[in-house]
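For reference, target29.cif (mmCIF, C-alpha atoms):
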data_final
loop_
_atom_site.label_atom_id
_atom_site.label_comp_id
_atom_site.auth_asym_id
_atom_site.auth_seq_id
_atom_site.Cartn_x
_atom_site.Cartn_y
_atom_site.Cartn_z
CA MET A 1 91.54 88.51 86.50
CA ASP A 2 94.90 86.93 87.03
CA GLN A 3 94.85 83.32 88.13
CA TYR A 4 96.96 81.91 90.94
CA GLN A 5 97.48 78.26 91.68
CA ILE A 6 99.49 76.34 94.24
CA PHE A 7 100.79 72.87 93.48
CA HIS A 8 101.84 70.32 96.07
CA SER A 9 103.76 67.21 95.11
CA GLN A 10 101.67 64.04 95.30
CA SER A 11 104.81 61.90 95.24
CA ASP A 12 106.80 60.90 98.30
CA GLY A 13 109.73 59.78 96.15
CA SER A 14 112.98 61.45 95.21
CA PHE A 15 113.39 65.11 94.34
CA SER A 16 113.35 64.16 90.66
CA ASP A 17 110.11 62.21 91.17
CA GLN A 18 108.52 65.23 92.84
CA THR A 19 109.57 67.73 90.17
CA ASP A 20 108.24 65.37 87.50
CA ASP A 21 104.95 65.13 89.38
CA LEU A 22 104.63 68.92 89.59
CA SER A 23 105.41 69.19 85.88
CA VAL A 24 102.54 66.82 85.07
CA GLN A 25 100.18 68.68 87.41
CA LEU A 26 101.10 72.07 85.95
CA GLN A 27 100.65 70.88 82.36
CA ALA A 28 97.26 69.36 83.19
CA TRP A 29 96.09 72.53 84.93
CA LEU A 30 97.19 74.77 82.08
CA SER A 31 95.40 72.52 79.59
CA ASN A 32 92.20 72.43 81.65
CA GLN A 33 92.24 76.22 81.97
CA GLY A 34 92.97 76.71 78.29
CA ILE A 35 96.14 78.60 79.19
CA SER A 36 99.40 78.53 77.26
CA ARG A 37 102.66 78.16 79.11
CA ASN A 38 103.53 81.49 77.49
CA ASP A 39 100.88 83.05 79.76
CA LEU A 40 102.87 82.15 82.88
CA ARG A 41 103.80 85.48 84.45
CA TYR A 42 105.42 84.45 87.69
CA SER A 43 106.34 81.38 89.69
CA LYS A 44 107.75 80.78 93.12
CA VAL A 45 109.41 77.48 93.95
CA PHE A 46 109.70 76.43 97.59
CA LEU A 47 112.49 73.96 98.36
CA SER A 48 113.18 71.95 101.48
CA ASP A 49 116.97 72.10 100.92
CA SER A 50 117.95 74.84 98.47
CA PHE A 51 121.69 74.18 98.70
CA ASN A 52 121.36 70.61 97.44
CA GLN A 53 118.25 70.91 95.26
CA TYR A 54 118.84 74.13 93.30
CA GLU A 55 120.95 72.71 90.47
CA ASN A 56 118.73 69.64 90.18
CA LEU A 57 115.72 71.91 89.85
CA LYS A 58 117.39 73.93 87.08
CA ARG A 59 117.97 70.67 85.16
CA SER A 60 114.43 69.38 85.65
CA SER A 61 111.70 69.34 83.01
CA LEU A 62 109.56 71.42 85.37
CA TYR A 63 112.04 74.25 85.18
CA ARG A 64 113.27 73.83 81.59
CA ASP A 65 109.82 73.34 80.01
CA PHE A 66 107.74 75.73 82.12
CA LEU A 67 109.56 78.05 84.51
CA ALA A 68 112.68 79.09 82.60
CA GLY A 69 112.21 82.30 80.68
CA HIS A 70 109.57 83.59 83.09
CA ASN A 71 109.90 85.47 86.37
CA CYS A 72 110.80 82.86 88.95
CA THR A 73 111.82 82.86 92.60
CA ILE A 74 113.58 79.84 94.06
CA VAL A 75 113.72 79.94 97.84
CA GLY A 76 114.66 77.57 100.61
CA GLN A 77 111.46 77.38 102.66
CA ALA A 78 110.39 73.82 103.36
CA PRO A 79 106.78 72.90 102.47
CA ALA A 80 105.11 71.99 105.75
CA ASP A 81 103.47 68.90 104.25
CA GLY A 82 106.85 67.19 104.35
CA THR A 83 107.50 67.21 100.59
CA LYS A 84 110.70 68.46 99.01
CA ILE A 85 109.18 71.03 96.66
CA ALA A 86 106.00 73.07 96.14
CA LEU A 87 105.04 75.62 93.50
CA LEU A 88 103.02 78.83 93.21
CA VAL A 89 102.22 80.17 89.73
CA LYS A 90 100.49 83.26 88.37
CA THR A 91 99.01 83.43 84.88
CA GLY A 92 97.42 86.32 83.01
CA GLN A 93 98.05 89.06 80.52
CA ASP A 94 101.29 91.00 80.51
CA ASP A 95 100.53 93.79 83.00
CA GLY A 96 103.81 95.66 82.73
CA PHE A 97 105.20 94.63 86.11
CA LEU A 98 108.89 93.95 86.44
CA PHE A 99 109.76 91.17 88.84
CA GLN A 100 113.33 90.59 89.94
CA SER A 101 114.56 87.85 92.23
CA LEU A 102 118.05 88.81 93.39
CA SER A 103 120.43 86.59 95.30
CA LEU A 104 124.12 86.87 96.06
CA THR A 105 126.78 84.98 94.16
CA PRO A 106 129.90 83.73 95.93
CA ASP A 107 131.81 86.67 94.41
CA ASP A 108 129.31 89.11 95.96
CA ILE A 109 129.98 87.85 99.46
CA GLN A 110 132.87 89.93 100.67
CA ASP A 111 131.55 90.12 104.22
CA ASP A 112 129.37 87.90 106.38
CA SER A 113 127.38 90.88 107.65
CA SER A 114 123.66 90.73 106.87
CA TYR A 115 123.74 94.54 106.84
CA LEU A 116 126.35 94.74 104.08
CA GLN A 117 124.83 91.87 102.10
CA THR A 118 121.45 93.61 102.14
CA LEU A 119 123.06 96.86 100.97
CA THR A 120 124.69 94.94 98.10
CA LEU A 121 121.37 93.55 96.88
CA PHE A 122 119.65 96.92 97.07
CA GLU A 123 122.57 98.44 95.16
CA HIS A 124 122.20 95.85 92.38
CA TYR A 125 118.48 96.57 92.19
CA ILE A 126 118.81 100.36 92.20
CA ASN A 127 121.53 100.30 89.54
CA GLY A 128 119.28 98.18 87.35
CA LEU A 129 116.44 100.66 87.81
CA LYS A 130 118.65 103.54 86.74
CA GLU A 131 119.44 101.77 83.48
CA LYS A 132 115.68 101.66 82.76
CA GLY A 133 115.06 105.27 83.78
CA LEU A 134 113.25 104.17 86.95
CA ASN A 135 113.82 104.80 90.65
CA ILE A 136 113.10 103.06 93.92
CA ARG A 137 110.92 105.79 95.42
CA ASP A 138 108.44 106.10 92.56
CA HIS A 139 108.31 102.62 91.06
CA LEU A 140 108.94 99.98 93.73
CA ILE A 141 105.66 98.34 94.80
CA ARG A 142 106.65 95.44 97.05
CA THR A 143 109.58 93.41 98.38
CA TRP A 144 110.07 89.96 99.83
CA ILE A 145 113.21 89.64 101.93
CA TYR A 146 114.45 86.13 102.76
CA VAL A 147 116.80 86.02 105.74
CA ALA A 148 118.95 83.03 106.61
CA ASP A 149 119.03 82.31 110.36
CA ILE A 150 116.63 85.18 110.87
CA ASP A 151 116.91 85.23 114.66
CA ASP A 152 120.53 86.33 114.27
CA ASN A 153 120.49 88.27 110.99
CA TYR A 154 117.23 90.21 110.86
CA ASP A 155 118.50 93.29 112.69
CA GLY A 156 121.18 93.89 110.07
CA VAL A 157 118.63 93.58 107.27
CA VAL A 158 116.34 96.10 108.97
CA ARG A 159 119.14 98.63 109.46
CA ALA A 160 120.25 98.31 105.86
CA ARG A 161 116.75 98.75 104.47
CA ASN A 162 116.16 101.75 106.73
CA ASP A 163 119.38 103.36 105.50
CA VAL A 164 118.61 102.72 101.82
CA PHE A 165 115.07 104.02 102.09
CA ARG A 166 116.17 107.12 103.98
CA ARG A 167 118.78 107.86 101.33
CA TYR A 168 116.28 107.63 98.48
CA GLY A 169 113.39 109.47 100.10
CA LEU A 170 111.19 106.64 101.36
CA THR A 171 110.18 107.82 104.84
CA ALA A 172 107.25 107.76 107.22
CA GLU A 173 106.29 111.17 105.81
CA THR A 174 106.32 109.94 102.20
CA HIS A 175 105.73 106.20 102.01
CA PHE A 176 107.39 102.83 102.33
CA VAL A 177 106.39 99.68 100.39
CA ALA A 178 104.57 96.50 101.29
CA SER A 179 107.03 93.81 102.33
CA THR A 180 107.56 90.44 103.92
CA GLY A 181 110.75 89.78 105.89
CA ILE A 182 110.92 86.08 106.66
CA GLY A 183 113.27 83.19 107.20
CA GLY A 184 114.52 81.70 103.94
CA TYR A 185 117.64 80.55 102.11
CA SER A 186 119.12 81.08 98.66
CA GLN A 187 121.29 78.55 96.84
CA THR A 188 124.54 80.29 97.84
CA ARG A 189 126.42 79.18 100.92
CA HIS A 190 127.13 81.97 103.40
CA ALA A 191 124.50 84.21 101.81
CA LYS A 192 122.41 85.66 104.59
CA VAL A 193 119.78 87.44 102.51
CA ALA A 194 117.98 87.32 99.15
CA ILE A 195 115.35 89.80 97.96
CA ASP A 196 112.48 89.83 95.46
CA PHE A 197 111.48 93.22 94.04
CA LEU A 198 108.17 94.01 92.32
CA THR A 199 108.35 97.19 90.23
CA LEU A 200 105.75 98.95 88.09
CA PRO A 201 107.02 101.46 85.50
CA GLY A 202 104.66 104.36 84.91
CA VAL A 203 102.73 103.96 88.15
CA ARG A 204 101.30 107.24 89.42
CA THR A 205 101.09 108.40 93.01
CA ASP A 206 97.30 108.62 92.80
CA GLN A 207 97.12 104.92 91.90
CA LEU A 208 98.54 103.86 95.26
CA LYS A 209 96.78 103.76 98.61
CA TYR A 210 98.66 102.57 101.66
CA LEU A 211 96.49 100.48 103.93
CA HIS A 212 96.09 101.07 107.65
CA ALA A 213 94.03 99.57 110.43
CA THR A 214 95.11 101.64 113.42
CA SER A 215 92.53 100.13 115.74
CA ARG A 216 94.28 96.77 115.32
CA LEU A 217 97.88 97.37 114.17
CA ASN A 218 100.37 100.10 114.93
CA ALA A 219 102.54 101.92 112.39
CA THR A 220 105.65 99.89 111.61
CA GLN A 221 108.04 102.79 112.17
CA GLU A 222 107.04 102.77 115.85
CA TYR A 223 109.35 99.79 116.31
CA GLY A 224 112.00 100.81 113.85
CA VAL A 225 111.10 99.00 110.63
CA ALA A 226 110.31 100.56 107.28
CA PHE A 227 107.44 98.91 105.43
CA GLU A 228 103.75 99.44 104.77
CA ARG A 229 101.20 97.08 106.26
CA GLY A 230 99.61 96.82 102.85
CA THR A 231 99.26 98.58 99.51
CA CYS A 232 96.26 98.93 97.22
CA LEU A 233 97.16 99.46 93.56
CA MET A 234 94.31 100.95 91.52
CA LEU A 235 94.48 99.87 87.88
CA PRO A 236 91.96 100.75 85.13
CA ASP A 237 90.14 97.41 85.36
CA LYS A 238 90.81 96.22 88.90
CA LYS A 239 92.36 96.85 92.28
CA MET A 240 95.22 94.77 93.57
CA TYR A 241 96.03 94.43 97.25
CA TYR A 242 99.48 93.50 98.48
CA ILE A 243 99.28 92.56 102.14
CA SER A 244 102.63 92.41 103.91
CA GLY A 245 103.63 89.66 106.26
CA THR A 246 101.12 90.04 109.11
CA ALA A 247 101.18 88.53 112.59
CA SER A 248 99.23 88.47 115.84
CA ILE A 249 99.72 91.98 117.24
CA ASP A 250 97.59 94.73 118.68
CA SER A 251 97.40 98.46 118.02
CA LYS A 252 100.50 99.08 120.15
CA GLY A 253 102.59 96.41 118.46
CA ASN A 254 102.34 93.94 121.32
CA VAL A 255 102.34 90.23 120.50
CA LEU A 256 99.02 88.63 121.38
CA TYR A 257 98.32 85.04 122.42
CA LEU A 258 101.82 83.91 123.31
CA GLY A 259 102.22 80.18 122.71
CA GLN A 260 98.71 79.76 121.23
CA VAL A 261 99.12 79.21 117.50
CA GLU A 262 95.43 78.88 116.63
CA LYS A 263 94.57 82.10 118.47
CA GLN A 264 97.45 83.84 116.71
CA VAL A 265 96.07 82.70 113.34
CA GLU A 266 92.63 84.04 114.24
CA ARG A 267 94.05 87.40 115.32
CA LEU A 268 96.32 87.90 112.32
CA LEU A 269 93.51 87.06 109.90
CA GLY A 270 91.42 89.70 111.61
CA ASN A 271 94.28 92.12 111.09
CA ILE A 272 94.47 91.21 107.40
CA GLY A 273 90.71 91.66 107.06
CA ALA A 274 90.95 95.12 108.60
CA LEU A 275 93.73 96.13 106.22
CA LEU A 276 91.77 94.92 103.22
CA ALA A 277 88.68 96.79 104.45
CA ASP A 278 90.66 100.04 104.40
CA GLY A 279 90.94 99.53 100.65
CA GLY A 280 87.36 98.38 100.09
CA ALA A 281 88.07 94.64 99.94
CA THR A 282 87.46 91.57 102.10
CA THR A 283 89.20 88.26 102.70
CA GLY A 284 86.78 86.88 100.09
CA ASP A 285 88.86 88.74 97.50
CA VAL A 286 92.09 87.01 98.52
CA GLN A 287 93.62 84.99 95.70
CA TYR A 288 96.01 82.98 97.87
CA PHE A 289 97.66 82.94 101.29
CA ILE A 290 101.24 82.07 102.14
CA VAL A 291 101.47 80.87 105.73
CA TYR A 292 104.81 80.85 107.51
CA LEU A 293 105.20 78.58 110.54
CA ARG A 294 107.97 78.98 113.08
CA ASP A 295 107.39 75.50 114.48
CA PHE A 296 106.93 72.61 112.04
CA ALA A 297 104.84 70.83 114.68
CA ASP A 298 102.05 73.43 114.28
CA ARG A 299 101.33 72.47 110.66
CA THR A 300 98.36 70.20 111.32
CA VAL A 301 96.34 72.57 113.49
CA VAL A 302 96.99 75.56 111.21
CA ALA A 303 96.21 73.61 108.03
CA LYS A 304 92.91 72.42 109.52
CA TYR A 305 92.00 75.98 110.55
CA MET A 306 92.69 77.34 107.06
CA GLN A 307 90.79 74.53 105.35
CA VAL A 308 87.71 75.26 107.43
CA ARG A 309 87.96 79.06 107.24
CA PHE A 310 88.96 79.33 103.56
CA PRO A 311 87.85 76.15 101.78
CA HIS A 312 88.04 77.74 98.32
CA THR A 313 91.18 79.86 98.66
CA PRO A 314 94.57 78.33 97.79
CA PHE A 315 97.12 78.44 100.58
CA ILE A 316 100.49 76.94 101.32
CA LEU A 317 102.13 76.29 104.67
CA LEU A 318 105.88 76.73 104.88
CA HIS A 319 108.38 76.02 107.64
CA ALA A 320 110.00 79.46 107.84
CA LYS A 321 110.87 81.32 111.00
CA VAL A 322 109.19 84.67 111.62
CA CYS A 323 111.25 87.71 112.60
CA ARG A 324 110.04 87.81 116.23
CA PRO A 325 110.49 84.59 118.21
CA GLU A 326 107.11 85.08 119.92
CA TRP A 327 105.27 84.99 116.59
CA LEU A 328 104.39 81.38 115.86
CA VAL A 329 102.79 82.19 112.51
CA GLU A 330 102.75 84.95 109.91
CA MET A 331 100.75 85.30 106.70
CA GLU A 332 100.84 87.36 103.54
CA CYS A 333 98.38 87.47 100.67
CA ILE A 334 97.40 89.08 97.41
CA ALA A 335 93.80 90.08 96.78
CA GLU A 336 92.16 91.34 93.59
CA LYS A 337 88.84 93.04 92.94
CA ASN A 338 87.35 94.06 89.61
CA ASN A 339 86.29 97.69 89.24
#

I'd like the structure from this file rewritten - as structure tokens, please.
Amino acid sequence: MDQYQIFHSQSDGSFSDQTDDLSVQLQAWLSNQGISRNDLRYSKVFLSDSFNQYENLKRSSLYRDFLAGHNCTIVGQAPADGTKIALLVKTGQDDGFLFQSLSLTPDDIQDDSSYLQTLTLFEHYINGLKEKGLNIRDHLIRTWIYVADIDDNYDGVVRARNDVFRRYGLTAETHFVASTGIGGYSQTRHAKVAIDFLTLPGVRTDQLKYLHATSRLNATQEYGVAFERGTCLMLPDKKMYYISGTASIDSKGNVLYLGQVEKQVERLLGNIGALLADGGATTGDVQYFIVYLRDFADRTVVAKYMQVRFPHTPFILLHAKVCRPEWLVEMECIAEKNN
């Protein structure tokens, strides 16, 4: 199986101190696991201030010695423990996945519209696929969409994604893809969106099952968004489960437990469990959780809940606004199960 690990800085010093600390932790973990740094397949770096920290990260030993040359996302989503940086890594054999983390450069930003910026990123991605003989309908597995000032800019992102998918044949009658749309920032000022794309060349239709739990969650297209609640990918040796950002809703899409963060956590985890069950898995198969908190003040109660409920499953809490103001918390996860 792949291995996933989350690293939190143990230093309360400068950004440089914290990157050095993570570098030491990562090296020690790789050594203890008997893993070469060449076996790093993917990393995601969470920054508390991406505008000011991005270039310093690129110059750090953490990035130069470990993360450079591998698939890496760098996103402005503040770790909820109050540190400046946290890290998620995946190790394992080369499984053929293509991972692309696309953000806008200053030259890309010709308009401040989140709609047009989202179209630009999808265009970059689709053009890159064409060069490899791939296409978005058959080979895209999952996306992560990071939206700056999400309360203001999410609608434009949704409209752009809907238009792109419709154009390329991703519909409610065919399929969408698993996705998380969440508050987050790239390193570029005035950029309102950045997107990660996970692509699998050669994937067959019969290897994909889209996960539903209609007794607990409604279809996303009922409120105008185009993504799957979850996707199960059936590989020769294992099944992988990509659970989209999931919140506290019922089968009609209504938000449950307004203002009650712990009850929202309980409900959304039940929703995740139901989605996994549709693919023959349980929350015991989850490899890690990413937990997005709208309100930084909720970090203690949510962290305690997760520690009690999932004492052996890595998780990270991030201060990142969810796309509906009423949702205090959202979670995504990846699960794996050997055949």

Written as a ChimeraX atom specification, what is the full residue list that the PyMOL selection byres ((chain A and resi 80) around 12) yields on the file shown?
/A:8-9,46-48,77-79,81-86,290-303,315-320

From CA of Phe7 in chain A to CA of Ser23 in chain A the spacing works out at 9.6 Å

Quick one: everything within 10 Å of Phe99 in chain A, counting all atoms listed in the file, minus sequence neighbours fewer than 6 positions away in the same chain. Send it as a PyMOL selection string.
chain A and resi 41-42+70-73+142-143+196-200

For the residues in the current selection, export C-alpha atoms as a PDB file, in the frame of the given file.
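And here's again_35.pdb as it stands now:
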ATOM      1  CA  ARG A  41     103.800  85.480  84.450  1.00  0.00           C
ATOM      2  CA  TYR A  42     105.420  84.450  87.690  1.00  0.00           C
ATOM      3  CA  HIS A  70     109.570  83.590  83.090  1.00  0.00           C
ATOM      4  CA  ASN A  71     109.900  85.470  86.370  1.00  0.00           C
ATOM      5  CA  CYS A  72     110.800  82.860  88.950  1.00  0.00           C
ATOM      6  CA  THR A  73     111.820  82.860  92.600  1.00  0.00           C
ATOM      7  CA  ARG A 142     106.650  95.440  97.050  1.00  0.00           C
ATOM      8  CA  THR A 143     109.580  93.410  98.380  1.00  0.00           C
ATOM      9  CA  ASP A 196     112.480  89.830  95.460  1.00  0.00           C
ATOM     10  CA  PHE A 197     111.480  93.220  94.040  1.00  0.00           C
ATOM     11  CA  LEU A 198     108.170  94.010  92.320  1.00  0.00           C
ATOM     12  CA  THR A 199     108.350  97.190  90.230  1.00  0.00           C
ATOM     13  CA  LEU A 200     105.750  98.950  88.090  1.00  0.00           C
TER      14      LEU A 200
END

Just the residues within 12 Å of Gly224 in chain A, please, counting only C-alpha atoms, with nothing from its chain fewer than 5 positions along; format it as a PyMOL selection string.
chain A and resi 155+157-163+171-172+218-219+253

Rounded to one decimal in Å, what is the spacing between CA of Thr231 in chain A and CA of Lys132 in chain A?
23.7 Å

Name every residue that the PyMOL selection byres ((chain A and resi 165-167) around 12) selects in this structure, writing the answer as a PyMOL selection string with chains first and numbers rising.
chain A and resi 119+122-123+126+135-138+140+158-164+168-177+225-227

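For the structure in this document, the set picked by the PyMOL selection byres ((chain A and resi 312) around 12) is Gln5, Thr283, Gly284, Asp285, Val286, Gln287, Tyr288, Phe289, Met306, Gln307, Val308, Arg309, Phe310, Pro311, Thr313, Pro314 and Phe315 of chain A.
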
Hey, which of A:Gly259, A:Gly183, A:Gly280, A:Pro325 ends up closest to Tyr241 in chain A? Count only C-alpha atoms.
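Closest candidate: A:Gly280.
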
Straight-line distance linking CA of Glu262 in chain A with CA of Leu275 in chain A, stated in Å to one decimal:
20.2 Å

Which neighbours of Thr246 in chain A fall inside 12 Å, counting all atoms listed in the file, when residues of the same chain fewer than 3 positions from it are skipped, and could you give them as JSON, numbers by chain?
{"A": [178, 179, 180, 181, 182, 213, 216, 217, 218, 220, 227, 228, 229, 230, 242, 243, 249, 250, 253, 255, 264, 265, 266, 267, 268, 269, 270, 271, 272, 273, 274, 275, 289, 290, 291, 292, 322, 323, 324, 327, 328, 329, 330, 331, 332, 333]}

Those same residues, written as a PDB file, in the frame of the given file with C-alpha atoms?
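Written out: result_29.pdb:
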ATOM      1  CA  ALA A 178     104.570  96.500 101.290  1.00  0.00           C
ATOM      2  CA  SER A 179     107.030  93.810 102.330  1.00  0.00           C
ATOM      3  CA  THR A 180     107.560  90.440 103.920  1.00  0.00           C
ATOM      4  CA  GLY A 181     110.750  89.780 105.890  1.00  0.00           C
ATOM      5  CA  ILE A 182     110.920  86.080 106.660  1.00  0.00           C
ATOM      6  CA  ALA A 213      94.030  99.570 110.430  1.00  0.00           C
ATOM      7  CA  ARG A 216      94.280  96.770 115.320  1.00  0.00           C
ATOM      8  CA  LEU A 217      97.880  97.370 114.170  1.00  0.00           C
ATOM      9  CA  ASN A 218     100.370 100.100 114.930  1.00  0.00           C
ATOM     10  CA  THR A 220     105.650  99.890 111.610  1.00  0.00           C
ATOM     11  CA  PHE A 227     107.440  98.910 105.430  1.00  0.00           C
ATOM     12  CA  GLU A 228     103.750  99.440 104.770  1.00  0.00           C
ATOM     13  CA  ARG A 229     101.200  97.080 106.260  1.00  0.00           C
ATOM     14  CA  GLY A 230      99.610  96.820 102.850  1.00  0.00           C
ATOM     15  CA  TYR A 242      99.480  93.500  98.480  1.00  0.00           C
ATOM     16  CA  ILE A 243      99.280  92.560 102.140  1.00  0.00           C
ATOM     17  CA  ILE A 249      99.720  91.980 117.240  1.00  0.00           C
ATOM     18  CA  ASP A 250      97.590  94.730 118.680  1.00  0.00           C
ATOM     19  CA  GLY A 253     102.590  96.410 118.460  1.00  0.00           C
ATOM     20  CA  VAL A 255     102.340  90.230 120.500  1.00  0.00           C
ATOM     21  CA  GLN A 264      97.450  83.840 116.710  1.00  0.00           C
ATOM     22  CA  VAL A 265      96.070  82.700 113.340  1.00  0.00           C
ATOM     23  CA  GLU A 266      92.630  84.040 114.240  1.00  0.00           C
ATOM     24  CA  ARG A 267      94.050  87.400 115.320  1.00  0.00           C
ATOM     25  CA  LEU A 268      96.320  87.900 112.320  1.00  0.00           C
ATOM     26  CA  LEU A 269      93.510  87.060 109.900  1.00  0.00           C
ATOM     27  CA  GLY A 270      91.420  89.700 111.610  1.00  0.00           C
ATOM     28  CA  ASN A 271      94.280  92.120 111.090  1.00  0.00           C
ATOM     29  CA  ILE A 272      94.470  91.210 107.400  1.00  0.00           C
ATOM     30  CA  GLY A 273      90.710  91.660 107.060  1.00  0.00           C
ATOM     31  CA  ALA A 274      90.950  95.120 108.600  1.00  0.00           C
ATOM     32  CA  LEU A 275      93.730  96.130 106.220  1.00  0.00           C
ATOM     33  CA  PHE A 289      97.660  82.940 101.290  1.00  0.00           C
ATOM     34  CA  ILE A 290     101.240  82.070 102.140  1.00  0.00           C
ATOM     35  CA  VAL A 291     101.470  80.870 105.730  1.00  0.00           C
ATOM     36  CA  TYR A 292     104.810  80.850 107.510  1.00  0.00           C
ATOM     37  CA  VAL A 322     109.190  84.670 111.620  1.00  0.00           C
ATOM     38  CA  CYS A 323     111.250  87.710 112.600  1.00  0.00           C
ATOM     39  CA  ARG A 324     110.040  87.810 116.230  1.00  0.00           C
ATOM     40  CA  TRP A 327     105.270  84.990 116.590  1.00  0.00           C
ATOM     41  CA  LEU A 328     104.390  81.380 115.860  1.00  0.00           C
ATOM     42  CA  VAL A 329     102.790  82.190 112.510  1.00  0.00           C
ATOM     43  CA  GLU A 330     102.750  84.950 109.910  1.00  0.00           C
ATOM     44  CA  MET A 331     100.750  85.300 106.700  1.00  0.00           C
ATOM     45  CA  GLU A 332     100.840  87.360 103.540  1.00  0.00           C
ATOM     46  CA  CYS A 333      98.380  87.470 100.670  1.00  0.00           C
TER      47      CYS A 333
END

Between A:Ser248, A:Gln260, A:Gln207, A:Ser101, which is the closest to Lys44 in chain A once you count all atoms listed in the file?
A:Ser101

Render range 299-305 of chain A from the structure in the preceding block as a file of all heavy atoms, as a short mmCIF file (atom, residue, chain, number, x, y, z; two decimals), in the first residue's frame.
data_model
loop_
_atom_site.label_atom_id
_atom_site.label_comp_id
_atom_site.auth_asym_id
_atom_site.auth_seq_id
_atom_site.Cartn_x
_atom_site.Cartn_y
_atom_site.Cartn_z
N ARG A 299 -10.92 25.02 16.40
CA ARG A 299 -9.87 24.02 16.21
C ARG A 299 -9.73 23.06 17.39
O ARG A 299 -9.51 21.86 17.18
CB ARG A 299 -8.53 24.72 15.97
CG ARG A 299 -8.01 25.54 17.13
CD ARG A 299 -6.90 26.50 16.72
NE ARG A 299 -6.34 27.23 17.84
CZ ARG A 299 -6.87 28.31 18.37
NH1 ARG A 299 -8.02 28.76 17.88
NH2 ARG A 299 -6.29 28.92 19.38
N THR A 300 -9.90 23.53 18.60
CA THR A 300 -9.66 22.68 19.76
C THR A 300 -10.72 21.59 19.87
O THR A 300 -10.41 20.41 20.04
CB THR A 300 -9.62 23.52 21.05
OG1 THR A 300 -8.58 24.49 20.93
CG2 THR A 300 -9.35 22.63 22.25
N VAL A 301 -12.00 21.97 19.74
CA VAL A 301 -13.06 20.97 19.89
C VAL A 301 -13.02 19.96 18.75
O VAL A 301 -13.23 18.76 18.96
CB VAL A 301 -14.44 21.66 19.98
CG1 VAL A 301 -14.81 22.40 18.70
CG2 VAL A 301 -15.52 20.64 20.32
N VAL A 302 -12.71 20.39 17.53
CA VAL A 302 -12.67 19.46 16.40
C VAL A 302 -11.45 18.55 16.51
O VAL A 302 -11.54 17.34 16.26
CB VAL A 302 -12.67 20.22 15.06
CG1 VAL A 302 -12.52 19.25 13.89
CG2 VAL A 302 -13.96 21.02 14.92
N ALA A 303 -10.31 19.09 16.90
CA ALA A 303 -9.11 18.26 17.06
C ALA A 303 -9.34 17.18 18.12
O ALA A 303 -8.98 16.01 17.92
CB ALA A 303 -7.92 19.12 17.44
N LYS A 304 -9.96 17.55 19.22
CA LYS A 304 -10.23 16.57 20.28
C LYS A 304 -11.16 15.48 19.78
O LYS A 304 -10.96 14.28 20.04
CB LYS A 304 -10.84 17.28 21.50
CG LYS A 304 -11.11 16.34 22.67
CD LYS A 304 -11.63 17.11 23.88
CE LYS A 304 -11.90 16.17 25.05
NZ LYS A 304 -12.43 16.91 26.23
N TYR A 305 -12.20 15.86 19.03
CA TYR A 305 -13.14 14.87 18.48
C TYR A 305 -12.41 13.90 17.57
O TYR A 305 -12.60 12.68 17.67
CB TYR A 305 -14.25 15.59 17.71
CG TYR A 305 -15.34 14.67 17.22
CD1 TYR A 305 -16.54 14.54 17.93
CD2 TYR A 305 -15.18 13.90 16.07
CE1 TYR A 305 -17.54 13.70 17.48
CE2 TYR A 305 -16.17 13.05 15.62
CZ TYR A 305 -17.35 12.95 16.32
OH TYR A 305 -18.33 12.09 15.88
#
